[in-house]
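Engineer: First the structure, then my questions, so here it is.
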Amino acid sequence: MDIVKKIFYRDRYALSKAISIIENREDGYLDILKDIYKNTGKSHVIGITGPPGVGKSTLIAELAQEFVSQGKYVGIIAIDPTSPFSGGAILGDRIRMNDLELNKNVFIRSMATRGGIGGIATTTRNIIRLMEGFQMDVIIVETVGTGQADVDIINVAETVAVVLSPNLGDDIQTLKAGMLEIGDIFIINKIDIEGADEAIAYLENMISIAKYPYKEWMPVVIGTSALKKMGIKELVDAIYQHKKNLSASKGIPKRNERVLQYEMEGIIYDEFMNRMRYMMEHDPETKELMTEVYNKNIDPYTASQKILEKVIDKNKFNGK
Amino acid sequence: MGNQRIRPIRVLIAKPGLDGHDRGAKVVARGLRDAGMEVIYTGLRQTPDQIVTVAIEEDVDTVGISILSGAHMTLVPEILRLLKERGGENILVYVGGIIPDSDAEILKKMGVIEVFGPGTSLDVIRDAIIKHLKRS
């Protein structure tokens, strides 16, 4: 049985191997993605983002338990940053998810960003496809601990939840662009500590004066304590409600179009970058051109234009 | 076209059993990260079942077991057995901790690639992993 079929019949080992093939861009990765596409599109993809230390991983563990108790099969992609110096990474999100590890209806995979800069890896969208092909009911994507502007999660998830905790700042912080524009649901986690009421009030105030693209959905603020298992059911209800409301409107198709565009841009970008790097390093004509630029016989702008034409021209490109 | 992405080595650092001392595991995790590896660390008090489940899900190249409790002759063989049973027989297993030489020999006969005692330098661990992965 081929790997895509094995994944369709929920072979966890096959899924794990396929994720590596895609992540490493090993030979045949595109064939797997091409083949799996027909099996995708039925999962609810939920993005969980927010600054480091607010409790994203712990909250996801509770969220997944709740989904599983409702009979759902849950995939989790937990992303941590790659070191810009060594290329290595510590992937430590699973520490908070120990209780899920032996659950047969949960599949967790840790990913390093490997150069992705928007809070996810460049291959995250492809890995989501594999999990969709596995017929996951719910796929939860945990971004790296984000700053103010790591917002790529909106390009891969249908429902985005931004997790914050009390005492992260005053109401001016909540007015800023970036993180606080992308949430469909805002979560104040650790509501058992001081400052939770103020944090919720700041956020609700911010939402009340902002404009949102869909009249079917106004972002909601939910208080949770992952450690004390408070607010988890309310959160799950809000996630369902969000998808339901947007499905009834034009919201979901619009989002799916955006997700698709992002995915296709990624594929083209990858192929383009590979070709360009190959040309720069191996193509004699291109190397000669660069020497000419170095000797000031031609300017870098004209030379780049020539290289660009060669990269995209199938007849001229001989990298394969 | 040449493959432009190099595949980083993926390592699981695991602490099985009732053993709360994870400084060594963290130092090794950090050292392997600095050597360009992707290191999955799952925290304390893992069962062999959990460790093997994670190793398969994460498709790691190697598992480093850190163990200071003295229960290595029970826990390590169980991990090796479960790896074999679930298709992870190609995953290389290393052990670090307080292991008597005579036990280390037995563990290596069972399939452990190398046993690292206290004071082993990070370079030695890194080189051992790279060397054996190239061969396998």
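So you can find residues: chains in the structure tokens are A, B, ... in the order shown, residues in each start at 1, and ligands are numbered from 1 in order.
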Please report as a Markdown table every residue of chain A lying within 6 Å of chain B, along with the nearest atom pair and their distance in Å (one decimal), using only C-alpha atoms.
Structural biologist:
| residue | atom | partner | partner_atom | distance |
| --- | --- | --- | --- | --- |
| A:Ser16 | CA | B:Glu57 | CA | 5.4 |
| A:Asn24 | CA | B:Arg7 | CA | 5.6 |
| A:Ser86 | CA | B:Gly36 | CA | 4.8 |
| A:Gly87 | CA | B:Gly36 | CA | 4.7 |
| A:Gly88 | CA | B:Gly36 | CA | 3.7 |
| A:Ala89 | CA | B:Glu38 | CA | 4.6 |
| A:Ile90 | CA | B:Val39 | CA | 4.9 |
| A:Leu91 | CA | B:Ile40 | CA | 4.6 |
| A:Gly92 | CA | B:Tyr41 | CA | 5.3 |
| A:Arg94 | CA | B:Thr42 | CA | 5.6 |
| A:Ile95 | CA | B:Thr42 | CA | 4.5 |
| A:Arg109 | CA | B:Glu58 | CA | 5.7 |
| A:Gly319 | CA | B:Met1 | CA | 5.6 |
| A:Lys320 | CA | B:Met1 | CA | 4.7 |
Engineer: Next, the residues of the selection above should be written as a JSON list (two decimals), in the first residue's frame with N, CA and C atoms.
Structural biologist:
[["chain", "number", "residue", "atom", "x", "y", "z"],
["A", 16, "SER", "N", 4.21, 9.71, 10.44],
["A", 16, "SER", "CA", 5.46, 10.21, 11.01],
["A", 16, "SER", "C", 6.58, 10.25, 9.97],
["A", 24, "ASN", "N", 12.03, 17.60, 5.23],
["A", 24, "ASN", "CA", 13.39, 17.61, 4.71],
["A", 24, "ASN", "C", 13.42, 17.80, 3.20],
["A", 86, "SER", "N", 23.40, 27.84, 15.20],
["A", 86, "SER", "CA", 23.82, 26.46, 15.01],
["A", 86, "SER", "C", 22.91, 25.68, 14.07],
["A", 87, "GLY", "N", 21.68, 26.18, 13.85],
["A", 87, "GLY", "CA", 20.71, 25.42, 13.08],
["A", 87, "GLY", "C", 20.02, 24.36, 13.92],
["A", 88, "GLY", "N", 20.42, 24.23, 15.18],
["A", 88, "GLY", "CA", 19.79, 23.26, 16.07],
["A", 88, "GLY", "C", 18.58, 23.86, 16.76],
["A", 89, "ALA", "N", 17.88, 23.03, 17.55],
["A", 89, "ALA", "CA", 16.69, 23.51, 18.24],
["A", 89, "ALA", "C", 16.41, 22.63, 19.45],
["A", 90, "ILE", "N", 15.82, 23.23, 20.47],
["A", 90, "ILE", "CA", 15.27, 22.43, 21.57],
["A", 90, "ILE", "C", 13.77, 22.44, 21.38],
["A", 91, "LEU", "N", 13.19, 21.25, 21.22],
["A", 91, "LEU", "CA", 11.74, 21.15, 21.03],
["A", 91, "LEU", "C", 11.16, 20.63, 22.34],
["A", 92, "GLY", "N", 10.59, 21.54, 23.12],
["A", 92, "GLY", "CA", 10.23, 21.17, 24.49],
["A", 92, "GLY", "C", 8.75, 21.30, 24.81],
["A", 94, "ARG", "N", 6.40, 19.26, 24.29],
["A", 94, "ARG", "CA", 5.77, 18.00, 24.72],
["A", 94, "ARG", "C", 5.82, 17.82, 26.22],
["A", 95, "ILE", "N", 6.76, 18.52, 26.89],
["A", 95, "ILE", "CA", 6.86, 18.38, 28.35],
["A", 95, "ILE", "C", 5.50, 18.65, 28.99],
["A", 109, "ARG", "N", 3.39, 16.18, 16.95],
["A", 109, "ARG", "CA", 4.68, 16.27, 16.25],
["A", 109, "ARG", "C", 5.31, 17.63, 16.56],
["A", 319, "GLY", "N", 18.84, 23.28, -14.49],
["A", 319, "GLY", "CA", 19.22, 22.82, -13.16],
["A", 319, "GLY", "C", 18.80, 21.39, -12.86],
["A", 320, "LYS", "N", 17.79, 20.89, -13.59],
["A", 320, "LYS", "CA", 17.27, 19.56, -13.23],
["A", 320, "LYS", "C", 18.09, 18.46, -13.86]]
Engineer: Taking the chain letters and numbering used in this document, name the residues of range 5-113 of chain A that DSSP puts in helix (DSSP H, G or I), as a ChimeraX atom specification.
Structural biologist: /A:5-8,12-23,29-39,56-69,93-100
Engineer: Neighbouring residues of Met97 in chain A were defined as those with any atom within 7 Å, considering only C-alpha atoms; residues of the same chain fewer than 4 positions away were excluded. Please report them as a short mmCIF file (atom, residue, chain, number, x, y, z; two decimals) with N, CA, C and O atoms, in the first residue's frame.
Structural biologist:
data_model
loop_
_atom_site.label_atom_id
_atom_site.label_comp_id
_atom_site.auth_asym_id
_atom_site.auth_seq_id
_atom_site.Cartn_x
_atom_site.Cartn_y
_atom_site.Cartn_z
N THR A 58 0.46 24.02 27.71
CA THR A 58 -0.38 23.45 28.76
C THR A 58 -1.86 23.57 28.38
O THR A 58 -2.64 22.63 28.57
N ALA A 61 -2.79 21.05 25.71
CA ALA A 61 -2.97 19.70 26.29
C ALA A 61 -4.40 19.55 26.83
O ALA A 61 -5.06 18.54 26.58
N GLU A 101 0.40 11.58 25.69
CA GLU A 101 1.29 10.81 24.85
C GLU A 101 0.79 9.40 24.52
O GLU A 101 1.02 8.90 23.43
#
Engineer: Determine which residues of range 78-315 of chain A receive a DSSP assignment of strand (DSSP E or B), computed from the backbone, and state them as number ranges by chain.
Structural biologist: A: 78-80, 89-91, 106-112, 138-142, 159-164, 185-188, 220-223, 225, 230
Engineer: Between A:Tyr13, A:Tyr37, A:Ser83, A:Leu308, which residue has the minimum interatomic distance to Val52 in chain B, considering only C-alpha atoms?
Structural biologist: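 Selected residue with least distance to Val52 in chain B: A:Tyr13.
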